[in-house]
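Listing of work.txt; format and content: compact mmCIF, C-alpha atoms and all ligand atoms.
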```
# COMPACT_ATOMS: atom_id res chain seq x y z
CA MET A 1 13.12 -13.90 -23.46
CA LYS A 2 16.08 -14.18 -21.14
CA SER A 3 16.01 -13.28 -17.49
CA ALA A 4 18.63 -11.03 -15.93
CA ARG A 5 19.53 -13.83 -13.52
CA ALA A 6 20.32 -16.22 -16.39
CA GLU A 7 22.87 -13.66 -17.59
CA GLY A 8 24.47 -13.33 -14.17
CA LEU A 9 22.84 -9.96 -13.49
CA VAL A 10 20.94 -8.87 -10.41
CA LEU A 11 18.45 -6.03 -10.14
CA CYS A 12 18.84 -3.97 -6.97
CA THR A 13 15.54 -4.12 -5.04
CA ASP A 14 15.97 -0.60 -3.72
CA CYS A 15 17.15 1.47 -6.67
CA HIS A 16 16.54 -0.88 -9.64
CA LEU A 17 20.15 -0.72 -10.84
CA LEU A 18 21.21 -3.72 -12.89
CA VAL A 19 24.41 -5.11 -11.40
CA ARG A 20 26.68 -7.96 -12.39
CA ALA A 21 26.73 -10.33 -9.44
CA PRO A 22 29.23 -13.17 -9.24
CA ARG A 23 26.98 -15.21 -6.97
CA ALA A 24 23.25 -15.11 -6.42
CA HIS A 25 23.26 -13.70 -2.89
CA GLN A 26 26.33 -11.58 -2.67
CA GLY A 27 27.44 -8.03 -2.33
CA ALA A 28 26.00 -4.58 -2.08
CA CYS A 29 24.58 -2.31 -4.78
CA PRO A 30 27.26 0.16 -5.99
CA ARG A 31 24.67 2.92 -6.31
CA CYS A 32 22.63 2.71 -3.12
CA GLY A 33 24.48 0.23 -0.92
CA GLY A 34 21.45 -2.06 -0.60
CA ALA A 35 21.97 -5.82 -0.28
CA LEU A 36 21.78 -7.61 -3.64
CA HIS A 37 19.53 -10.61 -4.04
CA ALA A 38 18.57 -12.17 -7.36
CA ARG A 39 15.25 -13.13 -5.70
CA ILE A 40 13.70 -12.16 -2.35
CA PRO A 41 15.45 -14.55 0.11
CA ASN A 42 13.17 -17.27 1.54
CA SER A 43 10.25 -15.69 -0.29
CA VAL A 44 8.09 -18.83 -0.42
CA SER A 45 8.56 -20.02 3.16
CA ARG A 46 8.13 -16.56 4.62
CA THR A 47 4.98 -15.97 2.58
CA TRP A 48 3.60 -19.36 3.70
CA ALA A 49 4.23 -18.50 7.35
CA LEU A 50 2.38 -15.20 7.01
CA VAL A 51 -0.52 -16.80 5.11
CA VAL A 52 -0.99 -19.44 7.82
CA ALA A 53 -0.84 -16.79 10.55
CA ALA A 54 -3.46 -14.72 8.73
CA TRP A 55 -5.86 -17.71 8.39
CA VAL A 56 -5.49 -18.43 12.11
CA LEU A 57 -6.22 -14.82 13.08
CA LEU A 58 -9.20 -14.66 10.73
CA VAL A 59 -11.02 -16.96 13.19
CA PRO A 60 -11.03 -14.55 16.21
CA ALA A 61 -11.48 -11.64 13.80
CA ASN A 62 -14.80 -13.14 12.71
CA LEU A 63 -15.91 -14.75 15.99
CA TYR A 64 -15.44 -11.77 18.27
CA PRO A 65 -17.51 -8.60 17.88
CA ILE A 66 -15.82 -5.72 16.08
CA MET A 67 -18.36 -3.07 17.04
CA THR A 68 -21.31 -2.47 19.36
CA VAL A 69 -23.99 0.12 18.64
CA ILE A 70 -25.85 1.14 21.80
CA TYR A 71 -29.01 3.26 21.76
CA PHE A 72 -30.43 4.19 25.18
CA GLY A 73 -28.38 1.52 26.91
CA GLU A 74 -29.45 -1.22 24.55
CA GLY A 75 -27.47 -2.83 21.79
CA GLU A 76 -25.93 -6.06 20.65
CA PRO A 77 -22.31 -6.55 19.70
CA ASP A 78 -21.77 -7.11 15.98
CA THR A 79 -19.23 -9.37 14.34
CA ILE A 80 -18.05 -8.53 10.82
CA ILE A 81 -20.63 -10.87 9.30
CA SER A 82 -23.59 -9.90 11.51
CA GLY A 83 -22.75 -6.25 10.83
CA VAL A 84 -23.02 -6.84 7.09
CA ILE A 85 -26.30 -8.77 7.51
CA LYS A 86 -27.73 -6.00 9.68
CA LEU A 87 -26.81 -3.36 7.08
CA ALA A 88 -28.54 -5.40 4.39
CA GLU A 89 -31.64 -5.87 6.54
CA GLU A 90 -31.83 -2.15 7.26
CA GLY A 91 -32.07 -1.61 3.52
CA MET A 92 -28.53 -0.32 3.04
CA LEU A 93 -27.64 -2.96 0.50
CA PRO A 94 -24.94 -1.01 -1.41
CA ILE A 95 -23.10 -0.25 1.84
CA ALA A 96 -23.51 -3.85 2.96
CA ILE A 97 -21.90 -4.99 -0.29
CA VAL A 98 -19.02 -2.50 0.08
CA VAL A 99 -18.31 -3.64 3.65
CA PHE A 100 -18.68 -7.31 2.66
CA VAL A 101 -16.18 -6.92 -0.18
CA ALA A 102 -13.63 -4.99 1.91
CA SER A 103 -13.87 -7.01 5.14
CA ILE A 104 -14.66 -10.54 4.01
CA ALA A 105 -14.16 -11.06 0.28
CA VAL A 106 -10.87 -9.16 -0.02
CA PRO A 107 -8.98 -10.83 2.87
CA VAL A 108 -10.22 -14.34 2.04
CA LEU A 109 -9.71 -14.08 -1.74
CA LYS A 110 -6.36 -12.42 -1.19
CA LEU A 111 -5.16 -15.28 0.99
CA LEU A 112 -6.51 -17.86 -1.48
CA GLY A 113 -4.82 -15.98 -4.33
CA ILE A 114 -1.45 -15.93 -2.58
CA MET A 115 -1.84 -19.66 -1.85
CA LEU A 116 -2.60 -20.32 -5.52
CA LEU A 117 0.62 -18.48 -6.48
CA LEU A 118 2.61 -20.39 -3.84
CA PHE A 119 1.24 -23.75 -5.05
CA THR A 120 1.91 -22.78 -8.67
CA VAL A 121 5.53 -22.03 -7.84
CA HIS A 122 5.94 -25.14 -5.69
CA PHE A 123 4.26 -27.72 -7.91
CA LYS A 124 5.26 -25.98 -11.17
CA TRP A 125 1.64 -25.82 -12.30
CA ALA A 126 1.30 -24.87 -15.96
CA LEU A 127 -0.89 -21.82 -15.39
CA SER A 128 -0.65 -18.75 -17.59
CA LYS A 129 2.27 -16.65 -16.34
CA THR A 130 0.60 -13.47 -17.50
CA GLU A 131 -2.59 -14.28 -15.58
CA CYS A 132 -0.61 -15.18 -12.46
CA THR A 133 1.16 -11.82 -12.67
CA VAL A 134 -2.18 -10.03 -13.02
CA LEU A 135 -3.42 -11.93 -9.95
CA TYR A 136 -0.29 -10.87 -8.04
CA ARG A 137 -0.87 -7.23 -8.96
CA ILE A 138 -4.53 -7.35 -7.91
CA ILE A 139 -3.48 -8.90 -4.57
CA GLU A 140 -0.94 -6.13 -4.04
CA VAL A 141 -3.34 -3.28 -4.80
CA VAL A 142 -6.45 -4.62 -3.12
CA GLY A 143 -4.96 -5.33 0.32
CA ALA A 144 -5.21 -1.79 1.67
CA TRP A 145 -8.99 -1.68 1.13
CA SER A 146 -9.52 -4.12 4.00
CA MET A 147 -8.64 -1.23 6.32
CA LEU A 148 -12.06 0.22 5.44
CA ASP A 149 -13.86 -1.36 8.40
CA LEU A 150 -11.19 -0.17 10.84
CA PHE A 151 -11.25 3.40 9.54
CA MET A 152 -15.03 3.34 9.67
CA ILE A 153 -14.99 2.15 13.29
CA SER A 154 -12.53 4.88 14.30
CA ILE A 155 -14.85 7.45 12.72
CA LEU A 156 -18.05 6.00 14.22
CA VAL A 157 -16.80 5.64 17.80
CA THR A 158 -15.93 9.34 17.77
CA LEU A 159 -18.98 10.52 15.86
CA VAL A 160 -21.54 8.62 17.91
CA ASP A 161 -20.47 9.38 21.46
CA LEU A 162 -23.60 10.76 23.08
CA GLY A 163 -23.28 9.14 26.49
CA THR A 164 -26.46 7.33 27.50
CA VAL A 165 -28.36 8.29 24.35
CA ALA A 166 -26.20 6.65 21.75
CA GLN A 167 -22.75 5.19 21.71
CA ILE A 168 -20.64 3.05 19.41
CA THR A 169 -17.73 1.08 20.83
CA ALA A 170 -15.07 -1.07 19.21
CA GLY A 171 -14.69 -4.77 20.06
CA PRO A 172 -11.84 -7.28 20.34
CA GLY A 173 -12.57 -8.70 16.87
CA ALA A 174 -11.33 -5.40 15.44
CA THR A 175 -7.91 -5.91 17.02
CA ALA A 176 -7.63 -9.36 15.44
CA PHE A 177 -8.86 -8.05 12.11
CA ALA A 178 -6.33 -5.21 12.18
CA THR A 179 -3.60 -7.80 12.61
CA VAL A 180 -4.97 -9.86 9.72
CA VAL A 181 -4.80 -6.83 7.43
CA VAL A 182 -1.19 -6.08 8.39
CA ILE A 183 -0.09 -9.70 8.03
CA THR A 184 -1.72 -10.15 4.61
CA MET A 185 -0.01 -6.98 3.41
CA PHE A 186 3.35 -8.33 4.53
CA ALA A 187 2.52 -11.67 2.88
CA ALA A 188 1.91 -9.93 -0.47
CA MET A 189 5.16 -7.99 -0.09
CA SER A 190 7.26 -11.05 0.72
CA PHE A 191 6.11 -12.96 -2.37
CA ASP A 192 8.52 -12.53 -5.27
CA PRO A 193 6.56 -12.40 -8.57
CA ARG A 194 9.70 -13.29 -10.51
CA LEU A 195 9.36 -16.84 -9.18
CA ILE A 196 6.32 -17.25 -11.47
CA TRP A 197 8.41 -16.47 -14.54
CA ASP A 198 11.32 -18.58 -13.38
CA LEU A 199 9.10 -21.62 -14.03
CA GLN A 200 9.06 -20.76 -17.72
CA GLU A 201 12.83 -20.70 -17.95
CA ASP A 202 13.18 -23.91 -15.97
CA SER A 203 10.87 -25.66 -18.44
CA ASN A 204 12.68 -24.19 -21.47
CA ASP A 205 15.98 -25.71 -20.41
CA MET B 1 19.92 8.51 -24.40
CA LEU B 2 18.03 9.43 -21.31
CA TYR B 3 19.40 6.72 -19.11
CA GLY B 4 23.02 5.72 -18.77
CA GLN B 5 22.63 1.99 -19.02
CA PRO B 6 22.15 -0.04 -22.18
CA HIS B 7 20.12 -2.70 -20.40
CA LEU B 8 17.56 -2.97 -17.67
CA ALA B 9 15.57 -5.73 -16.04
CA CYS B 10 11.89 -5.93 -15.15
CA HIS B 11 11.41 -5.96 -11.39
CA GLU B 12 8.32 -8.14 -11.64
CA CYS B 13 9.44 -10.86 -14.08
CA ASP B 14 13.23 -10.34 -14.36
CA ALA B 15 13.13 -10.07 -18.17
CA LEU B 16 16.36 -8.59 -19.51
CA LEU B 17 15.57 -5.70 -21.83
CA THR B 18 17.52 -3.32 -24.01
CA ARG B 19 17.14 0.22 -22.90
CA VAL B 20 15.70 2.75 -25.31
CA ALA B 21 15.53 6.53 -25.16
CA LEU B 22 12.22 7.51 -23.62
CA PRO B 23 10.76 11.00 -24.07
CA PRO B 24 8.75 12.49 -21.18
CA GLY B 25 5.12 11.48 -21.26
CA LYS B 26 5.87 8.08 -22.77
CA LYS B 27 6.22 5.03 -20.63
CA LEU B 28 8.26 1.87 -20.95
CA VAL B 29 6.25 -1.31 -20.49
CA CYS B 30 7.71 -4.77 -19.98
CA PRO B 31 6.97 -6.82 -23.13
CA ARG B 32 6.73 -10.01 -21.10
CA CYS B 33 4.56 -9.15 -18.07
CA ASN B 34 3.14 -5.70 -19.00
CA CYS B 35 4.53 -4.04 -15.91
CA THR B 36 5.30 -0.30 -16.20
CA LEU B 37 9.07 0.01 -15.86
CA ARG B 38 9.82 3.66 -16.52
CA LYS B 39 7.59 6.71 -16.80
CA PRO B 40 9.77 9.79 -17.03
CA ALA B 41 8.08 12.92 -15.75
CA ARG B 42 8.54 16.29 -17.46
CA ASP B 43 9.59 18.19 -14.38
CA PRO B 44 9.56 15.70 -11.49
CA VAL B 45 11.34 17.86 -8.92
CA ASN B 46 9.25 21.01 -9.21
CA ARG B 47 6.00 19.10 -9.52
CA GLY B 48 6.93 16.91 -6.56
CA MET B 49 7.63 20.01 -4.49
CA ALA B 50 4.38 21.71 -5.47
CA LEU B 51 2.25 18.64 -4.72
CA SER B 52 4.05 17.88 -1.44
CA LEU B 53 3.65 21.45 -0.22
CA THR B 54 -0.03 21.42 -1.18
CA SER B 55 -0.73 18.19 0.67
CA LEU B 56 1.35 19.17 3.74
CA THR B 57 -0.50 22.48 3.99
CA LEU B 58 -3.91 20.85 3.66
CA MET B 59 -2.99 18.17 6.20
CA VAL B 60 -3.17 20.55 9.15
CA PRO B 61 -6.89 21.38 8.70
CA ALA B 62 -7.68 17.90 7.32
CA PHE B 63 -6.45 16.24 10.51
CA THR B 64 -7.81 18.75 13.02
CA MET B 65 -10.99 20.24 11.53
CA PRO B 66 -14.35 18.43 11.77
CA ILE B 67 -14.84 15.73 9.13
CA MET B 68 -18.43 15.14 10.21
CA THR B 69 -20.83 16.29 12.90
CA PHE B 70 -23.65 14.17 14.28
CA ASN B 71 -26.75 15.48 15.95
CA MET B 72 -29.31 13.41 17.78
CA LEU B 73 -31.99 14.68 20.19
CA GLY B 74 -30.23 18.02 20.44
CA LEU B 75 -26.90 16.46 21.34
CA ASP B 76 -23.89 17.20 19.12
CA THR B 77 -20.68 15.31 18.47
CA VAL B 78 -17.83 16.21 16.17
CA ASP B 79 -15.45 13.80 14.48
CA THR B 80 -11.94 14.77 13.43
CA MET B 81 -9.22 12.41 12.20
CA ILE B 82 -7.06 13.03 15.28
CA LYS B 83 -10.02 12.54 17.63
CA GLY B 84 -10.83 9.23 15.95
CA VAL B 85 -7.37 7.92 16.81
CA LEU B 86 -7.37 9.36 20.36
CA HIS B 87 -10.76 7.85 21.05
CA LEU B 88 -9.49 4.37 20.20
CA PHE B 89 -6.42 4.89 22.40
CA GLN B 90 -8.58 5.97 25.33
CA ALA B 91 -10.87 2.97 24.87
CA GLY B 92 -7.82 0.69 25.16
CA PHE B 93 -7.65 -0.32 21.49
CA TRP B 94 -4.08 0.90 21.18
CA TRP B 95 -3.01 -1.53 18.46
CA MET B 96 -5.91 -0.59 16.21
CA ALA B 97 -5.36 3.08 17.11
CA LEU B 98 -1.69 2.84 16.11
CA LEU B 99 -2.61 1.24 12.80
CA VAL B 100 -5.27 3.85 11.99
CA LEU B 101 -2.84 6.59 13.07
CA PHE B 102 -0.07 5.21 10.86
CA CYS B 103 -2.10 4.48 7.72
CA SER B 104 -4.26 7.61 7.71
CA ILE B 105 -2.04 10.27 9.31
CA LEU B 106 1.63 9.36 9.80
CA ALA B 107 2.34 7.55 6.52
CA PRO B 108 0.78 10.24 4.28
CA THR B 109 2.55 13.02 6.23
CA LEU B 110 5.84 11.16 6.14
CA GLU B 111 5.46 10.45 2.44
CA SER B 112 4.81 14.07 1.50
CA ALA B 113 7.62 15.25 3.78
CA LEU B 114 9.98 12.70 2.23
CA VAL B 115 9.13 13.68 -1.36
CA LEU B 116 9.60 17.35 -0.44
CA SER B 117 12.99 16.69 1.20
CA ILE B 118 14.12 14.52 -1.72
CA CYS B 119 13.21 17.29 -4.18
CA LEU B 120 15.03 19.91 -2.08
CA LEU B 121 18.16 17.75 -1.89
CA VAL B 122 18.11 17.13 -5.66
CA ARG B 123 17.75 20.86 -6.31
CA ALA B 124 20.69 21.53 -4.02
CA ARG B 125 22.64 18.79 -5.87
CA ARG B 126 23.28 16.93 -2.64
CA TYR B 127 23.33 13.36 -3.90
CA GLY B 128 24.84 11.86 -0.76
CA GLY B 129 23.82 9.19 1.72
CA LEU B 130 20.94 11.24 3.10
CA LEU B 131 19.18 11.38 -0.28
CA ILE B 132 19.66 7.62 -0.71
CA LEU B 133 18.21 6.94 2.75
CA LEU B 134 15.19 9.17 2.07
CA LEU B 135 14.53 7.53 -1.32
CA LYS B 136 14.56 4.08 0.30
CA LEU B 137 12.26 5.24 3.11
CA GLN B 138 9.84 6.79 0.63
CA ALA B 139 9.58 3.52 -1.29
CA ARG B 140 8.74 1.65 1.92
CA VAL B 141 6.29 4.13 3.43
CA ARG B 142 4.32 4.70 0.23
CA ARG B 143 2.12 1.61 0.37
CA TRP B 144 0.97 2.35 3.94
CA ALA B 145 -0.64 5.67 3.07
CA MET B 146 -4.31 4.70 2.62
CA LEU B 147 -6.14 7.98 2.14
CA GLU B 148 -8.50 6.69 -0.58
CA VAL B 149 -9.60 3.91 1.75
CA TYR B 150 -10.14 6.42 4.55
CA MET B 151 -12.26 8.50 2.17
CA LEU B 152 -14.48 5.48 1.52
CA GLY B 153 -14.60 4.91 5.30
CA ILE B 154 -15.95 8.43 5.78
CA LEU B 155 -18.62 7.91 3.11
CA VAL B 156 -19.70 4.54 4.53
CA ALA B 157 -19.90 5.98 8.06
CA TYR B 158 -21.95 8.90 6.71
CA VAL B 159 -24.48 6.70 4.93
CA LYS B 160 -24.65 4.37 7.93
CA MET B 161 -25.62 7.17 10.33
CA ILE B 162 -27.91 9.11 8.01
CA ASP B 163 -31.10 7.43 9.34
CA SER B 164 -30.18 7.69 13.02
CA GLY B 165 -29.76 11.44 13.27
CA GLN B 166 -28.54 14.47 11.42
CA VAL B 167 -25.09 14.05 9.91
CA HIS B 168 -23.22 16.94 8.33
CA MET B 169 -19.92 16.98 6.50
CA GLY B 170 -17.49 19.51 7.98
CA VAL B 171 -14.74 21.79 6.70
CA GLY B 172 -12.20 19.07 7.43
CA MET B 173 -13.82 16.94 4.75
CA ILE B 174 -13.09 19.52 2.04
CA CYS B 175 -9.46 19.83 3.17
CA PHE B 176 -9.20 16.04 3.40
CA SER B 177 -10.45 15.60 -0.19
CA GLY B 178 -7.92 18.09 -1.54
CA MET B 179 -5.14 16.60 0.54
CA MET B 180 -6.02 13.10 -0.63
CA LEU B 181 -5.95 14.19 -4.27
CA ALA B 182 -2.58 15.97 -3.93
CA THR B 183 -0.98 13.08 -2.02
CA THR B 184 -2.28 10.39 -4.36
CA LEU B 185 -1.21 12.33 -7.46
CA ASN B 186 2.21 12.89 -5.88
CA THR B 187 2.67 9.17 -5.25
CA MET B 188 1.52 8.26 -8.74
CA LEU B 189 3.62 10.81 -10.59
CA PHE B 190 6.80 10.97 -8.55
CA ASP B 191 9.55 9.56 -10.78
CA THR B 192 12.14 8.06 -8.44
CA HIS B 193 13.96 6.37 -11.34
CA SER B 194 15.14 9.67 -12.79
CA ILE B 195 16.45 10.68 -9.34
CA TRP B 196 18.27 7.37 -8.91
CA GLU B 197 19.85 7.94 -12.34
CA GLN B 198 21.09 11.33 -11.16
CA VAL B 199 22.48 9.77 -7.99
CA GLY B 200 24.34 7.19 -10.09
CA ARG B 201 25.77 9.81 -12.46
CA TYR B 202 26.90 11.98 -9.57
CA ARG B 203 28.50 9.23 -7.56
CA GLY B 204 30.36 7.86 -10.60
CA GLY B 205 31.68 4.34 -10.67
CA ILE B 206 28.28 3.06 -11.69
CA HIS B 207 29.35 0.92 -14.58
CA GLU B 208 27.43 -0.02 -17.65
CA VAL B 209 26.22 -3.55 -17.53
CA ARG B 210 26.12 -5.68 -20.63
CA PRO B 211 25.14 -9.29 -20.96
CA ARG B 212 27.99 -11.66 -21.73
ZN ZN A 301 20.71 -0.13 -5.47
ZN ZN A 302 8.23 -7.90 -16.73
```

Kindly present the structure from the file in structure tokens form.
Amino acid sequence: MKSARAEGLVLCTDCHLLVRAPRAHQGACPRCGGALHARIPNSVSRTWALVVAAWVLLVPANLYPIMTVIYFGEGEPDTIISGVIKLAEEGMLPIAIVVFVASIAVPVLKLLGIMLLLFTVHFKWALSKTECTVLYRIIEVVGAWSMLDLFMISILVTLVDLGTVAQITAGPGATAFATVVVITMFAAMSFDPRLIWDLQEDSND
Amino acid sequence: MLYGQPHLACHECDALLTRVALPPGKKLVCPRCNCTLRKPARDPVNRGMALSLTSLTLMVPAFTMPIMTFNMLGLDTVDTMIKGVLHLFQAGFWWMALLVLFCSILAPTLESALVLSICLLVRARRYGGLLILLLKLQARVRRWAMLEVYMLGILVAYVKMIDSGQVHMGVGMICFSGMMLATTLNTMLFDTHSIWEQVGRYRGGIHEVRPR
């Protein structure tokens, strides 16, 4: 199967019009005026930069407390991990699993997945193109679910605001974690899945 | 032929495909990577308007009415979506507050408002620069509307507090559920391709592209 690029055609990123482009990075779409690029420009290096930034920020996101629950003036700050452990110990195992998946498994596996795709493109690994595309789609869809912890915190700090009796406050880890979520979403967006399939054509030549 | 062009390319794998006529209800799937390329809707403009109006109407109570109330030792607190954001702002967590505000309130509102405006412009046959701008904005804002995630956040918060005191779901929760359904359906079903085709036909000069 031929790619549009091999035929000198470029798909407009904005309106999906197929346009004949004399050069790879040239011109504007006749339908919507958007800039035409055969592939997202600097996709790999930009994605790498965002992935590295996300790994770095994952450290403060997990070291600093994201939330403190205070009953009658007493309470210990919880990090993401200690929060999950506490939920499990209190017998709320299903909730602990949900929070673990959204706050720990999803960001880490998402970053590892993007790195696998980046390595595959860079080293031309002979992985299944179909499976890589499925991985890309999972990464794209799953990213938003990491916001779960942040939404939950915003609900809890408002809901449990009983002065000296009970109070829940957010912690600095939440700020770092919020940034991680945003950066990983941008990382998934900046990766161009067509690069996976370009490998196939390069090897066919 | 439903679409003007004889060829199209897959946006996820760049496979060059021959375009076929596609009746409403059927979808065109990329033979190489299985990505859904086209899914013509039966009446995209009217349905888009109905769903956008529904979600915009439900947004007012969903954002301002109580999602949950918490009672402990005779003390009551009420949580609304707006209060949740304000609380974070007041506590100094402005970055997190902005993010929660954008993903749970602004992006869904903007998305519904954009779909509604796009539909109104198409009905008025105004295929100019404004429609193009709104279509591009809608495509960018879509992924930041995270109502399903917020819904799970509400449920997790509810279960978490159930042992500590009395938690009750409020009226806002019902409105939120309806709003979430309408907004999510709208995003899933809104067929921007058919609108882009109309823009192309109206503007003219959009030439057929054939491989060499
Ligand atoms: Zn275009
Ligand atoms: Zn494809």

Handout entry: B:Arg19, B:Arg123, B:Arg32, B:Lys39 ranked by distance to chain A, top pick (using all atoms listed in the file)
Key =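 Looking only at the distances to chain A, the closest residue turns out to be B:Arg32.
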
Practice task
Define the interface residues of chain A facing chain B as those within 8 Å, counting all atoms listed in the file, and report them as a PyMOL selection string.
Solution key: chain A and resi 1-5+7-9+11+13-20+30-32+92+95+130+133+144-145+147-152+154-162+170+174-175+178+192-198

Exercise for the section: Write out as a PyMOL selection string each polymer residue whose atoms come within 7 Å of stretch 74-80 of chain A, counting only C-alpha atoms; drop sequence neighbours fewer than 4 positions from it. Expected result: chain A and resi 62-70+84

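In this model, the gap between atom CA of A:Ile168 and atom CA of B:Gln166 comes to 16.0 Å.
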
Exercise for the section: Find, counting only C-alpha atoms, the residue in A:Val101, A:Ala61, A:Ile138, A:Val106 that gets nearest to A:Gly171. Expected result: A:Ala61
